[in-house]
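Pasting run_14.cif here (mmCIF, C-alpha atoms):
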```
data_input
loop_
_atom_site.label_atom_id
_atom_site.label_comp_id
_atom_site.auth_asym_id
_atom_site.auth_seq_id
_atom_site.Cartn_x
_atom_site.Cartn_y
_atom_site.Cartn_z
CA PHE A 1 123.70 105.56 143.20
CA GLN A 2 126.41 104.94 145.79
CA VAL A 3 129.96 106.03 144.92
CA HIS A 4 132.86 105.04 147.15
CA GLN A 5 136.57 104.43 146.68
CA PRO A 6 138.62 103.62 149.80
CA PHE A 7 142.16 104.78 150.46
CA ARG A 8 144.19 101.59 150.06
CA LEU A 9 147.11 100.69 152.30
CA LYS A 10 150.52 99.61 151.04
CA PRO A 11 152.52 96.72 152.52
CA TYR A 12 154.14 98.12 155.67
CA THR A 13 156.60 96.02 157.66
CA PHE A 14 158.17 96.24 161.08
CA PHE A 15 161.37 97.50 159.45
CA ASP A 16 159.54 100.50 157.96
CA ILE A 17 158.72 101.86 161.41
CA GLY A 18 160.59 105.11 162.03
CA HIS A 19 161.65 105.42 158.39
CA ASP A 20 158.43 105.66 156.36
CA HIS A 21 155.41 107.48 157.75
CA PHE A 22 153.19 107.22 154.69
CA TYR A 23 150.91 104.20 154.90
CA GLU A 24 148.69 104.65 151.85
CA ASN A 25 149.36 103.17 148.43
CA ALA A 26 149.03 106.35 146.40
CA GLU A 27 149.91 104.73 143.08
CA GLU A 28 147.29 102.01 143.48
CA ASN A 29 144.71 104.60 144.56
CA ARG A 30 145.44 106.68 141.46
CA ALA A 31 145.45 103.69 139.08
CA ILE A 32 142.17 102.22 140.34
CA LEU A 33 140.43 105.59 140.49
CA ASN A 34 141.43 106.46 136.94
CA LYS A 35 140.46 103.00 135.65
CA VAL A 36 136.98 103.22 137.17
CA ALA A 37 136.65 106.84 136.04
CA SER A 38 137.30 105.91 132.41
CA LYS A 39 135.01 102.86 132.49
CA CYS A 40 132.19 104.20 134.67
CA TYR A 41 132.19 107.70 136.15
CA LEU A 42 132.96 109.81 133.10
CA PRO A 43 130.90 107.97 130.45
CA THR A 44 127.92 107.35 132.77
CA ASN A 45 127.85 110.92 134.02
CA GLN A 46 127.80 112.13 130.42
CA LEU A 47 125.00 109.69 129.58
CA LEU A 48 122.95 110.87 132.56
CA LEU A 49 123.51 114.50 131.57
CA ASP A 50 122.32 113.74 128.04
CA LEU A 51 119.22 111.95 129.38
CA ILE A 52 118.34 114.81 131.75
CA ARG A 53 118.55 117.27 128.86
CA ARG A 54 116.69 114.99 126.48
CA PHE A 55 113.77 114.52 128.85
CA GLU A 56 113.80 118.18 129.93
CA GLY A 57 113.93 117.51 133.64
CA ARG A 58 111.59 114.50 133.78
CA PHE A 59 114.51 112.14 134.43
CA LYS A 60 116.15 112.47 137.86
CA VAL A 61 118.75 110.58 139.90
CA SER A 62 120.53 110.92 143.23
CA PHE A 63 124.06 110.19 144.44
CA SER A 64 125.62 109.29 147.75
CA LEU A 65 129.30 110.17 147.26
CA SER A 66 131.61 109.28 150.15
CA GLY A 67 133.99 111.98 151.31
CA VAL A 68 137.06 109.85 150.60
CA ALA A 69 135.86 109.27 147.02
CA LEU A 70 135.49 113.04 146.60
CA ASP A 71 138.98 113.52 148.05
CA GLN A 72 140.40 111.15 145.43
CA PHE A 73 138.51 112.86 142.60
CA GLU A 74 140.09 116.14 143.66
CA ARG A 75 143.53 114.58 144.00
CA TYR A 76 143.72 112.25 141.02
CA ASN A 77 141.04 113.13 138.45
CA PRO A 78 139.37 116.56 138.76
CA ALA A 79 137.47 115.93 135.50
CA VAL A 80 135.26 113.46 137.38
CA LEU A 81 134.42 116.12 139.94
CA ASP A 82 133.63 118.57 137.14
CA SER A 83 131.26 116.05 135.55
CA PHE A 84 129.36 115.65 138.83
CA ALA A 85 129.20 119.43 139.16
CA LYS A 86 127.59 119.63 135.71
CA LEU A 87 124.95 117.16 136.88
CA ALA A 88 124.33 119.28 139.97
CA GLU A 89 123.70 122.33 137.76
CA THR A 90 120.72 120.60 136.12
CA HIS A 91 118.71 120.66 139.40
CA CYS A 92 117.64 117.10 138.53
CA VAL A 93 120.29 115.45 140.72
CA GLU A 94 120.17 115.22 144.51
CA PHE A 95 123.33 114.66 146.55
CA LEU A 96 122.77 112.72 149.76
CA ASN A 97 124.55 112.97 153.10
CA GLU A 98 126.48 110.06 154.60
CA THR A 99 129.49 109.51 156.84
CA TYR A 100 132.55 111.17 155.36
CA TYR A 101 134.66 108.02 155.57
CA HIS A 102 131.96 105.48 154.58
CA SER A 103 132.34 104.24 158.15
CA LEU A 104 130.49 102.29 160.84
CA ALA A 105 130.85 105.21 163.25
CA PHE A 106 127.21 105.19 164.43
CA LEU A 107 127.61 101.69 165.85
CA TYR A 108 130.51 102.79 168.06
CA SER A 109 130.57 106.54 168.69
CA PRO A 110 127.62 108.93 168.27
CA ARG A 111 130.00 111.88 168.64
CA GLU A 112 132.34 110.64 165.91
CA PHE A 113 129.32 109.85 163.74
CA LYS A 114 127.92 113.37 164.00
CA GLU A 115 131.34 114.89 163.26
CA GLN A 116 131.68 112.78 160.10
CA VAL A 117 128.14 113.63 158.94
CA GLU A 118 128.77 117.34 159.43
CA LEU A 119 132.11 117.12 157.61
CA HIS A 120 130.42 115.40 154.70
CA ARG A 121 127.53 117.87 154.64
CA LYS A 122 129.98 120.78 154.35
CA LYS A 123 131.87 118.99 151.57
CA ILE A 124 128.72 118.48 149.49
CA LYS A 125 127.72 122.11 150.02
CA SER A 126 131.13 123.43 148.98
CA LEU A 127 131.40 121.26 145.86
CA PHE A 128 127.83 121.18 144.55
CA GLY A 129 125.98 124.02 146.25
CA GLN A 130 123.46 121.69 147.88
CA THR A 131 122.68 121.25 151.57
CA PRO A 132 121.61 117.59 151.82
CA THR A 133 118.18 116.82 153.30
CA THR A 134 118.36 113.02 152.85
CA PHE A 135 120.69 110.71 154.78
CA ARG A 136 122.09 107.36 153.74
CA ASN A 137 124.12 105.40 156.27
CA THR A 138 126.99 103.22 155.12
CA GLU A 139 125.70 100.17 153.22
CA LEU A 140 122.15 101.16 154.24
CA ILE A 141 122.75 100.05 157.85
CA TYR A 142 119.74 101.20 159.85
CA ASN A 143 117.91 101.08 163.16
CA ASN A 144 115.36 103.34 164.86
CA ASP A 145 118.00 104.91 167.10
CA LEU A 146 119.79 106.06 163.95
CA ALA A 147 116.53 107.45 162.59
CA ARG A 148 115.94 109.49 165.74
CA THR A 149 119.48 110.87 165.58
CA ILE A 150 119.05 111.79 161.92
CA GLU A 151 115.71 113.49 162.56
CA GLY A 152 117.35 115.44 165.37
CA LEU A 153 119.98 116.66 162.90
CA GLY A 154 117.20 118.12 160.72
CA TYR A 155 116.99 115.66 157.83
CA LYS A 156 113.74 114.95 155.98
CA ALA A 157 114.39 111.38 154.83
CA ILE A 158 116.60 108.37 155.48
CA LEU A 159 117.34 105.36 153.26
CA ALA A 160 117.48 101.73 154.39
CA GLU A 161 117.53 98.19 153.06
CA GLY A 162 114.12 96.70 152.30
CA ALA A 163 115.01 93.50 154.13
CA ASP A 164 112.43 90.70 154.01
CA HIS A 165 113.06 89.54 157.59
CA VAL A 166 112.26 93.05 158.85
CA LEU A 167 109.39 93.90 156.51
CA GLY A 168 107.60 90.58 156.81
CA TRP A 169 104.36 90.94 154.83
CA ARG A 170 104.96 94.63 154.17
CA SER A 171 106.15 96.02 150.84
CA PRO A 172 109.22 98.23 150.31
CA ASN A 173 107.17 100.17 147.76
CA PHE A 174 105.70 102.63 150.26
CA VAL A 175 107.02 105.60 152.21
CA TYR A 176 107.33 104.71 155.91
CA GLN A 177 107.65 106.68 159.13
CA PRO A 178 110.24 105.41 161.63
CA GLY A 179 108.98 104.80 165.15
CA GLY A 180 109.17 107.94 167.26
CA CYS A 181 110.07 110.17 164.31
CA PRO A 182 107.08 112.35 163.33
CA ARG A 183 109.03 114.43 160.79
CA LEU A 184 111.30 111.82 159.16
CA ARG A 185 110.44 109.61 156.17
CA LEU A 186 111.96 106.18 155.56
CA LEU A 187 112.67 105.05 151.98
CA LEU A 188 113.35 101.33 151.53
CA LYS A 189 115.36 99.69 148.78
CA ASN A 190 113.49 97.39 146.41
CA TYR A 191 116.36 94.94 146.36
CA ARG A 192 114.87 92.59 143.78
CA LEU A 193 114.57 95.20 141.04
CA SER A 194 117.83 96.87 142.10
CA ASP A 195 119.74 93.59 142.01
CA ASP A 196 118.28 92.66 138.63
CA ILE A 197 120.38 95.50 137.25
CA ALA A 198 123.34 95.48 139.63
CA PHE A 199 124.03 91.73 139.81
CA ARG A 200 121.97 89.74 137.31
CA PHE A 201 122.13 91.93 134.21
CA SER A 202 124.89 90.00 132.42
CA ASN A 203 124.18 86.57 133.93
CA THR A 204 123.42 84.39 130.91
CA ALA A 205 122.15 81.60 133.22
CA TRP A 206 119.42 83.90 134.59
CA SER A 207 115.97 82.89 133.38
CA GLU A 208 115.17 86.54 132.49
CA TYR A 209 118.36 87.12 130.49
CA PRO A 210 118.68 89.34 128.51
CA LEU A 211 117.23 92.20 130.53
CA THR A 212 115.87 94.96 128.31
CA ALA A 213 114.63 98.38 129.38
CA GLU A 214 111.13 97.45 128.17
CA LYS A 215 111.08 94.26 130.25
CA PHE A 216 112.34 96.04 133.36
CA ALA A 217 109.83 98.86 132.92
CA SER A 218 107.01 96.33 132.59
CA TRP A 219 107.99 94.81 135.96
CA ALA A 220 107.96 98.28 137.52
CA HIS A 221 104.59 99.09 135.95
CA GLN A 222 103.09 95.93 137.43
CA ILE A 223 103.65 97.40 140.91
CA ASN A 224 101.42 100.38 140.05
CA ALA A 225 98.35 99.11 141.92
CA ALA A 226 100.31 97.79 144.92
CA GLY A 227 102.67 100.59 145.87
CA GLU A 228 103.48 104.29 145.84
CA ILE A 229 107.19 104.34 145.04
CA ILE A 230 110.01 102.12 143.76
CA ASN A 231 113.43 102.84 145.23
CA LEU A 232 116.35 101.58 143.17
CA PHE A 233 119.64 101.69 145.08
CA MET A 234 122.90 100.36 143.59
CA ASP A 235 126.61 100.94 143.29
CA TYR A 236 127.33 103.42 140.52
CA GLU A 237 130.14 101.14 139.37
CA THR A 238 127.40 98.82 138.09
CA PHE A 239 127.68 100.80 134.87
CA GLY A 240 130.85 99.92 132.99
CA GLU A 241 132.83 98.41 135.87
CA HIS A 242 130.75 95.60 137.43
CA GLN A 243 128.69 95.20 134.26
CA TRP A 244 131.09 95.81 131.38
CA GLU A 245 130.24 98.00 128.42
CA HIS A 246 129.94 95.01 126.05
CA SER A 247 127.12 93.61 128.23
CA GLY A 248 124.84 96.36 126.88
CA ILE A 249 124.45 98.08 130.28
CA PHE A 250 124.82 101.58 128.80
CA GLN A 251 122.22 100.90 126.11
CA PHE A 252 119.91 99.65 128.87
CA LEU A 253 120.35 102.85 130.87
CA GLN A 254 119.88 105.00 127.80
CA ALA A 255 116.56 103.32 126.97
CA LEU A 256 115.20 103.04 130.52
CA PRO A 257 113.70 106.53 131.07
CA GLN A 258 111.56 106.42 127.96
CA ALA A 259 110.37 102.88 128.75
CA VAL A 260 109.36 103.87 132.30
CA LEU A 261 107.72 107.16 131.31
CA LYS A 262 105.49 105.46 128.74
CA HIS A 263 103.14 104.71 131.65
CA PRO A 264 101.22 107.89 132.54
CA ASP A 265 101.26 107.15 136.29
CA PHE A 266 105.04 107.00 136.54
CA ARG A 267 107.62 109.73 137.05
CA PHE A 268 111.19 109.92 138.32
CA GLU A 269 111.81 111.52 141.73
CA THR A 270 114.81 112.13 143.96
CA PRO A 271 114.49 111.28 147.67
#
```
What does this structure look like when you write it as structure tokens?
Amino acid sequence: FQVHQPFRLKPYTFFDIGHDHFYENAEENRAILNKVASKCYLPTNQLLLDLIRRFEGRFKVSFSLSGVALDQFERYNPAVLDSFAKLAETHCVEFLNETYYHSLAFLYSPREFKEQVELHRKKIKSLFGQTPTTFRNTELIYNNDLARTIEGLGYKAILAEGADHVLGWRSPNFVYQPGGCPRLRLLLKNYRLSDDIAFRFSNTAWSEYPLTAEKFASWAHQINAAGEIINLFMDYETFGEHQWEHSGIFQFLQALPQAVLKHPDFRFETP
């Protein structure tokens, strides 16, 4: 799950120059953060915690939390941070490394990129006691130069988009090795299954509507003979914010682990 909330800017005119040196819209930041926290972060974190306990460690998830989202949790709603810390204590949740500011730094400045990655790594360590071993670049932007940089920084795995025009005939449901990176593993997003949840779940015009946990699990199980792994990547705000509670998205998530684990060959893993 990706979690990001930007710092929003307030209207700032020429006549404010020299009089007002604060450019961020703190009230809007607080209002949006608290709205999403009440609809998504707090209830979904509690649901995940309940599922991890219910399945005694067989259910696992991972998070890529941007540094600026963590800053806003600390500033506006520490209860959200506490709920992520409780998930960390289960040892069934992996926290990934990314750029602190959810930025495009790698495309412009390798030095700035490395500074942001290190800043984010220290933040995750201080808040959750984990030193990340998996890297996720902003919006899954990827190339082999990035992979070589990430391997050089000591990471074990990197995430990327399972784009059809890059994969060609290949499947995203395998673990890959980036060119020139003997120690790094590449995990690719299965965008079809991910987007079924993130974008199509409440679309009544979709031919597969309504999407149940049993139906989704059956699609995953069909991949069993033609793949090693299924990587689901999506915005965490899918739950309760993009797909509202009345759509049944929380009931879907609650039922999904049991439906997937019914197949003896399947288990949940973090990167």
message = Please enumerate the residues selected by the PyMOL selection byres ((chain A and resi 117-119) around 8) when evaluated against the supplied file, formatted as a VMD selection string.
response = chain A and resid 97 to 100 113 to 116 120 to 123
task = Write out as number ranges by chain the residues lying within 8 Å of region 32-48 of chain A, counting all atoms listed in the file and excluding same-chain residues fewer than 6 positions away.
result = A: 5, 72-73, 76-77, 79-80, 83-84, 87, 236-241, 245, 250, 254
Let's have the selection written as a PDB file, keeping the file's coordinate frame, with C-alpha atoms.
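Written output follows (again16.pdb):
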```pdb
ATOM      1  CA  GLN A   5     136.570 104.430 146.680  1.00  0.00           C
ATOM      2  CA  GLN A  72     140.400 111.150 145.430  1.00  0.00           C
ATOM      3  CA  PHE A  73     138.510 112.860 142.600  1.00  0.00           C
ATOM      4  CA  TYR A  76     143.720 112.250 141.020  1.00  0.00           C
ATOM      5  CA  ASN A  77     141.040 113.130 138.450  1.00  0.00           C
ATOM      6  CA  ALA A  79     137.470 115.930 135.500  1.00  0.00           C
ATOM      7  CA  VAL A  80     135.260 113.460 137.380  1.00  0.00           C
ATOM      8  CA  SER A  83     131.260 116.050 135.550  1.00  0.00           C
ATOM      9  CA  PHE A  84     129.360 115.650 138.830  1.00  0.00           C
ATOM     10  CA  LEU A  87     124.950 117.160 136.880  1.00  0.00           C
ATOM     11  CA  TYR A 236     127.330 103.420 140.520  1.00  0.00           C
ATOM     12  CA  GLU A 237     130.140 101.140 139.370  1.00  0.00           C
ATOM     13  CA  THR A 238     127.400  98.820 138.090  1.00  0.00           C
ATOM     14  CA  PHE A 239     127.680 100.800 134.870  1.00  0.00           C
ATOM     15  CA  GLY A 240     130.850  99.920 132.990  1.00  0.00           C
ATOM     16  CA  GLU A 241     132.830  98.410 135.870  1.00  0.00           C
ATOM     17  CA  GLU A 245     130.240  98.000 128.420  1.00  0.00           C
ATOM     18  CA  PHE A 250     124.820 101.580 128.800  1.00  0.00           C
ATOM     19  CA  GLN A 254     119.880 105.000 127.800  1.00  0.00           C
TER      20      GLN A 254
END
```
message = As a check of understanding, name the residues that the PyMOL selection byres ((chain A and resi 229) around 8) selects in the supplied structure, as a ChimeraX atom specification.
response = /A:173-175,227-228,230-231
query = What is the CA of Leu232 (chain A)-CA of Lys189 (chain A) distance in Å, reported with one decimal?
reply = 6.0 Å
message = Can you tell me which residues surround Thr270 (chain A) at a distance of at most 7 Å, considering only C-alpha atoms, apart from same-chain residues fewer than 3 positions away, and format the answer as a ChimeraX atom specification?
response = /A:60-62,94
request  = Show me as a list in words the residues that reach within 10 Å of (120.5, 99.7, 129.4), counting only C-alpha atoms and using the file's own coordinates.
outcome  = Ile197, Phe201, Leu211, Thr212, Ala213, Glu214, Phe216, Phe239, Glu245, Ser247, Gly248, Ile249, Phe250, Gln251, Phe252, Leu253, Gln254, Ala255, Leu256 and Pro257 of chain A
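For the pair CA of Leu146 (chain A) and CA of Met234 (chain A), the separation is 21.4 Å.
Closest to Thr90 (chain A) among A:Glu208, A:Tyr23, A:Asp50, A:Pro78 is A:Asp50, based on only C-alpha atoms.
The two atoms in question, CA of Glu269 (chain A) and CA of Phe59 (chain A), are spaced 7.8 Å apart.
Considering all atoms listed in the file, the residue among A:Ser109, A:Gln222, A:Asn137, A:Gln130 positioned nearest to Cys92 (chain A) is A:Gln130.
Residue nearest Phe95 (chain A), chosen from A:Thr133, A:Asn224, A:Gln177, A:Thr13 and counting only C-alpha atoms: A:Thr133.
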Ala26 (chain A): which residues within 10 Å, counting only C-alpha atoms, same-chain residues fewer than 2 positions away excluded, as a short mmCIF file (atom, residue, chain, number, x, y, z; two decimals) with C-alpha atoms, keeping the file's coordinate frame?
```cif
data_model
loop_
_atom_site.label_atom_id
_atom_site.label_comp_id
_atom_site.auth_asym_id
_atom_site.auth_seq_id
_atom_site.Cartn_x
_atom_site.Cartn_y
_atom_site.Cartn_z
CA PHE A 7 142.16 104.78 150.46
CA ARG A 8 144.19 101.59 150.06
CA LEU A 9 147.11 100.69 152.30
CA LYS A 10 150.52 99.61 151.04
CA PHE A 22 153.19 107.22 154.69
CA TYR A 23 150.91 104.20 154.90
CA GLU A 24 148.69 104.65 151.85
CA GLU A 28 147.29 102.01 143.48
CA ASN A 29 144.71 104.60 144.56
CA ARG A 30 145.44 106.68 141.46
CA ALA A 31 145.45 103.69 139.08
CA GLN A 72 140.40 111.15 145.43
CA TYR A 76 143.72 112.25 141.02
#
```
With all atoms listed in the file counted and 10 Å as the cut-off, give the residues of region 5-121 of chain A in contact with region 140-145 of chain A, each with its shortest interatomic distance in Å and the pair that gives it, as a Markdown table.
```
| residue | atom | partner | partner_atom | distance |
| --- | --- | --- | --- | --- |
| A:Glu98 | CA | A:Leu140 | CA | 9.9 |
| A:Leu104 | CA | A:Ile141 | CA | 8.6 |
| A:Phe106 | CA | A:Ile141 | CA | 9.5 |
| A:Leu107 | CA | A:Ile141 | CA | 9.5 |
```
note = Restricting to all atoms listed in the file, whichever of A:Trp169, A:Tyr101, A:Trp219, A:Phe199 is closest to Val260 (chain A) is A:Trp219
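Closest to Val3 (chain A) among A:Pro178, A:Pro271, A:Pro264, A:Gly67 is A:Gly67, based on all atoms listed in the file.
Residues having any atom no farther than 10 Å from (109.3, 113.3, 155.0) (counting all atoms listed in the file) are Thr133, Thr134, Glu151, Tyr155, Lys156, Ala157, Ile158, Val175, Tyr176, Gln177, Cys181, Pro182, Arg183, Leu184, Arg185, Leu186, Leu187 and Pro271 of chain A.
This file, queried with the PyMOL selection byres ((chain A and resi 4) around 9), gives the residues A:Gln2, A:Val3, A:Gln5, A:Pro6, A:Ser64, A:Leu65, A:Ser66, A:Gly67, A:Val68, A:Ala69, A:Leu70, A:His102, A:Asp235, A:Tyr236.
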Output requested as a short mmCIF file (atom, residue, chain, number, x, y, z; two decimals), in the frame of the given file - region 3-38 of chain A, filled out with N, CA and C atoms.
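Generated output (rebuild12.cif):
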```cif
data_model
loop_
_atom_site.label_atom_id
_atom_site.label_comp_id
_atom_site.auth_asym_id
_atom_site.auth_seq_id
_atom_site.Cartn_x
_atom_site.Cartn_y
_atom_site.Cartn_z
N VAL A 3 128.62 105.93 145.47
CA VAL A 3 129.96 106.03 144.92
C VAL A 3 130.95 106.06 146.07
N HIS A 4 131.84 105.09 146.09
CA HIS A 4 132.86 105.04 147.15
C HIS A 4 134.13 104.42 146.60
N GLN A 5 135.26 105.02 146.93
CA GLN A 5 136.57 104.43 146.68
C GLN A 5 137.40 104.59 147.95
N PRO A 6 137.84 103.50 148.57
CA PRO A 6 138.62 103.62 149.80
C PRO A 6 140.06 104.05 149.52
N PHE A 7 140.71 104.60 150.52
CA PHE A 7 142.16 104.78 150.46
C PHE A 7 142.80 103.44 150.79
N ARG A 8 143.60 102.91 149.88
CA ARG A 8 144.19 101.59 150.06
C ARG A 8 145.55 101.69 150.74
N LEU A 9 145.87 100.70 151.55
CA LEU A 9 147.11 100.69 152.30
C LEU A 9 148.18 99.89 151.57
N LYS A 10 149.41 100.35 151.66
CA LYS A 10 150.52 99.61 151.04
C LYS A 10 151.11 98.62 152.05
N PRO A 11 151.84 97.62 151.59
CA PRO A 11 152.52 96.72 152.52
C PRO A 11 153.47 97.52 153.42
N TYR A 12 153.35 97.34 154.71
CA TYR A 12 154.14 98.12 155.67
C TYR A 12 154.67 97.16 156.72
N THR A 13 155.99 97.02 156.78
CA THR A 13 156.60 96.02 157.66
C THR A 13 157.16 96.65 158.93
N PHE A 14 157.56 95.80 159.83
CA PHE A 14 158.17 96.24 161.08
C PHE A 14 159.40 97.12 160.81
N PHE A 15 160.12 96.79 159.73
CA PHE A 15 161.37 97.50 159.45
C PHE A 15 161.14 98.88 158.83
N ASP A 16 159.86 99.16 158.47
CA ASP A 16 159.54 100.50 157.96
C ASP A 16 159.26 101.49 159.07
N ILE A 17 159.05 100.98 160.30
CA ILE A 17 158.72 101.86 161.41
C ILE A 17 159.89 102.81 161.68
N GLY A 18 159.57 104.10 161.78
CA GLY A 18 160.59 105.11 162.03
C GLY A 18 161.27 105.63 160.79
N HIS A 19 161.02 104.98 159.64
CA HIS A 19 161.65 105.42 158.39
C HIS A 19 160.64 105.92 157.36
N ASP A 20 159.46 105.31 157.35
CA ASP A 20 158.43 105.66 156.36
C ASP A 20 157.13 105.90 157.10
N HIS A 21 156.62 107.13 157.01
CA HIS A 21 155.41 107.48 157.75
C HIS A 21 154.19 107.60 156.85
N PHE A 22 154.33 107.15 155.62
CA PHE A 22 153.19 107.22 154.69
C PHE A 22 152.68 105.81 154.46
N TYR A 23 151.44 105.57 154.89
CA TYR A 23 150.91 104.20 154.90
C TYR A 23 150.04 103.87 153.69
N GLU A 24 149.62 104.88 152.95
CA GLU A 24 148.69 104.65 151.85
C GLU A 24 149.44 104.35 150.55
N ASN A 25 148.79 103.53 149.72
CA ASN A 25 149.36 103.17 148.43
C ASN A 25 148.84 104.15 147.39
N ALA A 26 149.51 105.27 147.26
CA ALA A 26 149.03 106.35 146.40
C ALA A 26 148.95 105.92 144.93
N GLU A 27 149.92 105.14 144.49
CA GLU A 27 149.91 104.73 143.08
C GLU A 27 148.73 103.81 142.78
N GLU A 28 148.43 102.90 143.69
CA GLU A 28 147.29 102.01 143.48
C GLU A 28 145.98 102.80 143.54
N ASN A 29 145.90 103.74 144.49
CA ASN A 29 144.71 104.60 144.56
C ASN A 29 144.49 105.32 143.24
N ARG A 30 145.54 105.92 142.71
CA ARG A 30 145.44 106.68 141.46
C ARG A 30 145.05 105.76 140.30
N ALA A 31 145.70 104.60 140.20
CA ALA A 31 145.45 103.69 139.08
C ALA A 31 144.02 103.17 139.09
N ILE A 32 143.53 102.75 140.26
CA ILE A 32 142.17 102.22 140.34
C ILE A 32 141.15 103.31 140.09
N LEU A 33 141.36 104.49 140.68
CA LEU A 33 140.43 105.59 140.49
C LEU A 33 140.32 105.97 139.02
N ASN A 34 141.45 106.07 138.34
CA ASN A 34 141.43 106.46 136.94
C ASN A 34 140.83 105.37 136.05
N LYS A 35 141.06 104.10 136.42
CA LYS A 35 140.46 103.00 135.65
C LYS A 35 138.94 103.05 135.76
N VAL A 36 138.42 103.18 136.97
CA VAL A 36 136.98 103.22 137.17
C VAL A 36 136.39 104.49 136.56
N ALA A 37 137.13 105.58 136.64
CA ALA A 37 136.65 106.84 136.04
C ALA A 37 136.46 106.69 134.54
N SER A 38 137.40 106.04 133.87
CA SER A 38 137.30 105.91 132.41
C SER A 38 136.23 104.91 132.00
#
```
